[in-house]
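Data block below; observations after.
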Amino acid sequence: MKLLCLSNGHGEDAIALRILRQLQNQPEPPEIAVLPLVGQGLAYQKLPGVPIIGPVQSMPSGGFIYMDGQQLWRDLRSGLLQLTWQQLQTVRTYAQKGWVILAVGDILPMFMAWLSGAPYAFVGTSKSEYYLRDEAGLLPDRQWFDLLETWFGSVYLPWERWLMRRRQCKAVFIRDELTAETLRQFGIDAVCLGNSMMDDLEIDPSPVFYDPDIEQKETARPLTVALLPGSRAPEAYSNWHKIITGVLELMATMEKATVFLAAIAPGLSLSPLCQTLSEGGWVEGTPDRVGFPGISDSEALYFTRDKGMLVLSQHSFGECLRLADMAIAMAGTATEQFVGLGKPAIALRGTGPQFTPAFAEAQTRLLGPSVILAERPRDVGKIALQLLRDPDRLHLIAENGRRRMGKPGASQRIAAYLMTKFGF
């Protein structure tokens, strides 16, 4: 058997990559090809022997056309319709040759899979009922579109549910049990086998939080904070300015040393980030690491200012998240992964195209009490101190993050399920 994977975005590519790796590890793996519908699918370079078929192209919006009508217009001028048509023809060609399809993301890859006529499975990566409700019921202060989704009965709209009920659709994998349970009420055989976002991260049974009494102790590890500016340029560079302002406010609040671990996407340039640090009085060099175990990235850059140390790393994402006590975040998937480790994230509002104020507000609904939205960067220090002085709140955050993001191992379970459903 042969499997063609369609995905539509950087985060979706990464999730698909984990599932495809597990498929390759099966006793009799299928032949695999991929077609990233958004961007160039750089994540798939980590999957040897798997070709990218069909045309790929980066668009000005980075795939976030739903955030801004102007972004859609820029994409259309850059050839979006022609690209999509060519991709659909490629998918149809493979379907006619007997390939089955794994659609990872949202309605676009699932719609293409249905149009192709091939059997398909769907992995929903972003939509969750937590945008509308939690275990206690509907959330207050929802936006107009959320109210529309509530009226339709689910965050997955009727036309999406229609695609999930087609005979061609052999499996529907949903990111959390609350959403899967809702879809089952509409006659959809949706399953939640975990969330593949968490598969590359080791989750401690109980996160070890920073001790608020540490200020009175002479020898103890410093407060460690992950910095997550996002993965898309030039937006990430703009986010970085705001995050560094928040960093300075947090340093002014803490009495002792603080370590900041900046998890930077490999596709970003470090030069603008370093320039921002230099202009802000940070000095590059090899600092005294007393109380900090360090990270394994030999190419990491170290900066110091006053009683703070900041590390820029493009190769130790998981380590940065595991070592940190909290995060200052302006990212999508990375923030969700951090919260899934049972830790709090302080989010700042951005200007987009991804991390807009609306996106940040929606993220707080998706992740609940694990994300605290700061109105201004200068509020970061105050919020951090409030968190550190409230152990009951931290334990609630730990339980909430694990429940909403799920346990690791989903990719292996999804791969095994696909082998059965597709008869590989």
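Identifiers in this document derive from the order of the structure tokens: chains are assigned A, B, ..., residues are numbered from 1 separately in each chain, and ligands are numbered from 1 in order of occurrence.
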If we count only C-alpha atoms and set the cut-off at 10 Å, which residues sit around Gln26 (chain A), ignoring sequence neighbours fewer than 5 positions away in its own chain? Please answer as a PDB file with N, CA, C and O atoms, in the first residue's frame.
```
ATOM      1  N   ARG A  21       6.953   8.985  10.844  1.00  0.00           N
ATOM      2  CA  ARG A  21       8.097   8.250  11.406  1.00  0.00           C
ATOM      3  C   ARG A  21       7.637   6.948  12.039  1.00  0.00           C
ATOM      4  O   ARG A  21       8.279   5.894  11.895  1.00  0.00           O
ATOM      5  N   GLN A 412       2.527   7.061  17.746  1.00  0.00           N
ATOM      6  CA  GLN A 412       2.658   5.616  17.629  1.00  0.00           C
ATOM      7  C   GLN A 412       1.283   4.957  17.605  1.00  0.00           C
ATOM      8  O   GLN A 412       1.029   4.036  16.805  1.00  0.00           O
ATOM      9  N   ALA A 415      -0.403   5.694  14.246  1.00  0.00           N
ATOM     10  CA  ALA A 415       0.199   4.892  13.180  1.00  0.00           C
ATOM     11  C   ALA A 415      -0.331   3.463  13.206  1.00  0.00           C
ATOM     12  O   ALA A 415      -0.676   2.895  12.156  1.00  0.00           O
ATOM     13  N   ALA A 416      -0.403   2.870  14.394  1.00  0.00           N
ATOM     14  CA  ALA A 416      -0.915   1.507  14.513  1.00  0.00           C
ATOM     15  C   ALA A 416      -2.377   1.430  14.082  1.00  0.00           C
ATOM     16  O   ALA A 416      -2.799   0.473  13.412  1.00  0.00           O
ATOM     17  N   MET A 419      -2.590   1.538  10.256  1.00  0.00           N
ATOM     18  CA  MET A 419      -2.187   0.281   9.652  1.00  0.00           C
ATOM     19  C   MET A 419      -3.378  -0.676   9.591  1.00  0.00           C
ATOM     20  O   MET A 419      -3.559  -1.412   8.605  1.00  0.00           O
ATOM     21  N   PHE A 424      -2.821  -2.013   5.770  1.00  0.00           N
ATOM     22  CA  PHE A 424      -1.417  -2.114   5.330  1.00  0.00           C
ATOM     23  C   PHE A 424      -0.828  -3.455   5.763  1.00  0.00           C
ATOM     24  O   PHE A 424      -1.147  -3.972   6.826  1.00  0.00           O
TER      25      PHE A 424
END
```
From A:Gly294, A:Lys343, A:Lys407, A:Glu299, residue lying nearest Leu387 (chain A) [only C-alpha atoms]: A:Lys343
Top pick for closest residue to Tyr120 (chain A), considering A:Phe186, A:Trp159, A:Phe173, A:Trp85 and counting only C-alpha atoms: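 Of all the options, A:Phe173 lies closest to Tyr120 (chain A).
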Residue set, region 127-248 of chain A restricted to strand (DSSP E), as a PyMOL selection string: chain A and resi 133-134+137-138+169-173+190-191+223-228
Closest of A:Ala362, A:Met198, A:Leu223, A:Val91 to Gly318 (chain A) - atom-to-atom distances counting only C-alpha atoms: A:Met198
Residue contacts of Ile188 (chain A) (9 Å, only C-alpha atoms) excluding same-chain residues fewer than 4 positions away, as a list in words: Arg161, Met164, Arg165, Val172, Ala180, Leu183 and Arg184 of chain A
Write the residues of the preceding selection, restricted to N, CA, C and O atoms, as a PDB file, in the first residue's frame.
```pdb
ATOM      1  N   ARG A 161     -17.916  18.342   9.408  1.00  0.00           N
ATOM      2  CA  ARG A 161     -18.470  17.080   9.912  1.00  0.00           C
ATOM      3  C   ARG A 161     -18.978  16.218   8.762  1.00  0.00           C
ATOM      4  O   ARG A 161     -18.888  14.984   8.816  1.00  0.00           O
ATOM      5  N   MET A 164     -16.188  14.311   7.434  1.00  0.00           N
ATOM      6  CA  MET A 164     -15.785  13.254   8.362  1.00  0.00           C
ATOM      7  C   MET A 164     -16.712  12.040   8.286  1.00  0.00           C
ATOM      8  O   MET A 164     -16.311  10.937   8.666  1.00  0.00           O
ATOM      9  N   ARG A 165     -17.939  12.232   7.801  1.00  0.00           N
ATOM     10  CA  ARG A 165     -18.903  11.125   7.740  1.00  0.00           C
ATOM     11  C   ARG A 165     -18.899  10.402   6.397  1.00  0.00           C
ATOM     12  O   ARG A 165     -19.629   9.423   6.218  1.00  0.00           O
ATOM     13  N   VAL A 172     -10.962   9.367  12.045  1.00  0.00           N
ATOM     14  CA  VAL A 172     -10.902  10.770  12.460  1.00  0.00           C
ATOM     15  C   VAL A 172     -10.207  10.830  13.815  1.00  0.00           C
ATOM     16  O   VAL A 172     -10.717  10.276  14.799  1.00  0.00           O
ATOM     17  N   ALA A 180     -13.602  14.985  20.839  1.00  0.00           N
ATOM     18  CA  ALA A 180     -14.002  13.696  20.268  1.00  0.00           C
ATOM     19  C   ALA A 180     -15.396  13.301  20.744  1.00  0.00           C
ATOM     20  O   ALA A 180     -16.226  12.810  19.953  1.00  0.00           O
ATOM     21  N   LEU A 183     -18.034  15.255  18.787  1.00  0.00           N
ATOM     22  CA  LEU A 183     -18.222  14.779  17.417  1.00  0.00           C
ATOM     23  C   LEU A 183     -18.979  13.453  17.384  1.00  0.00           C
ATOM     24  O   LEU A 183     -19.763  13.197  16.455  1.00  0.00           O
ATOM     25  N   ARG A 184     -18.752  12.615  18.379  1.00  0.00           N
ATOM     26  CA  ARG A 184     -19.471  11.335  18.409  1.00  0.00           C
ATOM     27  C   ARG A 184     -20.979  11.544  18.552  1.00  0.00           C
ATOM     28  O   ARG A 184     -21.781  10.717  18.111  1.00  0.00           O
TER      29      ARG A 184
END
```
Counting only C-alpha atoms, the residue of A:Gly41, A:Pro36, A:Pro272, A:Pro119 that sits nearest Gln87 (chain A): A:Pro36
